[in-house]
Amino acid sequence: VEQRDPALPQLSIDYGDFALWQGGVLRGDTFAAMIAAWKDHLGDTSGELQWGRPRAATTGEGRHLPVRLDEAATSAVRACARAAQTTPQVVLFAAWRAAVAALTGARDFAVGCNFAARTRPELDDLAGYFVNTLPVRTPVRETDSWRDVVAAESRSHAAVSAWQRLPFIRLVGELRPRRQSRANPLFQVAFNFLHPAQVPPVLGLGFNAGIPVEQDFAGLLLSPLDVDYGVSRFDAMLVLWDLGTHFQGCIEYDLDLLGEPLAGLARDRFSAAVA
């Protein structure tokens, strides 16, 4: 844009170094310990979530439902996170799990969550796709208080974060869950939380969230384009961006399994949990 050569600092490693290091980690005693920890964490989470409609009839067609937490709800989330000594992401994740549990009757299930997987400082400035989607299991009891639910979710996230070096494809390969076309292995619902700096790059990936964000590169104005692919990758996935004053995003849902009324109820349950 400015017709000048980039002046970037020399990187200490490249992606090949990372691949070599990761290959060394994913073998021997370290690998065996991670697999054992994952098996203990997940237990038996092979059951399918029940939404009240037959899975055999699903076509994978999806829709998006806008979600927005106002300033009061956002402040409540941040206050809850401070009181629980955790992050707003964990509080929102717990609320999403509570909403799914209320609608399906399930009390022990995994939710897919994206982890950065940049576990070493040398990886911070390295170009490449490191994101790893992993299952987070947190059993929910009807007698648990909201404080108990958030605390349990925080512990689960801390544990999974410590094991995020293991790629999801390797985890599936080791656990060998029963494969079927009507449901994803290990988890059928997901949650994705993004920070303000991540808004422009990730918009346009099929999340029709209606977030008007533009970037100005020395006079070159870039506007993200929301694209609705018309499919759902999971039964339901909540995607939220932290926009400072409020949280905003959408629920991507399976049209055959949930339909708009049930997706709307999921949004209401989620909003009520964090209010």
# chains A, B, ... in the order shown; residues from 1 in each chain; ligands from 1

$ residues_around --residues "A:Val131" --least-positions-apart "2" --cutoff "10 Å" --atoms "only C-alpha atoms" --output "list in words"
Cys113, Asn114, Phe115, Ala116, Ala117, Arg118, Gly128, Tyr129, Thr133, Leu134, Gln164, Arg165 and Pro167 of chain A

$ closest_residue --among "A:Gln10, A:Ser271, A:Thr245, A:Gln188" --to "A:Asp125" --atoms "only C-alpha atoms"
A:Gln10

$ select_by_dssp --residues "stretch 50-230 of chain A" --states "strand (DSSP E)" --output "ChimeraX atom specification"
/A:62-69,110-115,132-137,189-194,215-217,220-222

$ select_by_dssp --residues "stretch 21-257 of chain A" --states "alpha helix (DSSP H)" --output "PyMOL selection string"
chain A and resi 21-25+28-42+71-84+88-104+146-162+168-175+199-202

$ residues_around --residues "stretch 151-155 of chain A" --least-positions-apart "2" --cutoff "9 Å" --atoms "only C-alpha atoms" --output "PyMOL selection string"
chain A and resi 84-87+90-91+93-94+136-140+146-149+157-160

$ closest_residue --among "A:Ser223, A:Gln22, A:Asn132, A:Ser75" --to "A:Leu171" --atoms "only C-alpha atoms"
A:Asn132

$ closest_residue --among "A:Glu48, A:Val67, A:Leu258, A:Asp29" --to "A:Arg178" --atoms "only C-alpha atoms"
A:Glu48

$ closest_residue --among "A:Asp5, A:Asp17, A:Asp144, A:Glu61" --to "A:Phe234" --atoms "only C-alpha atoms"
A:Glu61

$ residues_around --residues "A:Ser12" --least-positions-apart "2" --cutoff "12 Å" --atoms "only C-alpha atoms" --output "PyMOL selection string"
chain A and resi 9-10+14-18+120-126

$ atom_distance --atom1 "atom CA of A:Asp108" --atom2 "atom CA of A:His64"
25.9 Å

$ atom_distance --atom1 "atom CA of A:Phe31" --atom2 "atom CA of A:Asn192"
26.5 Å
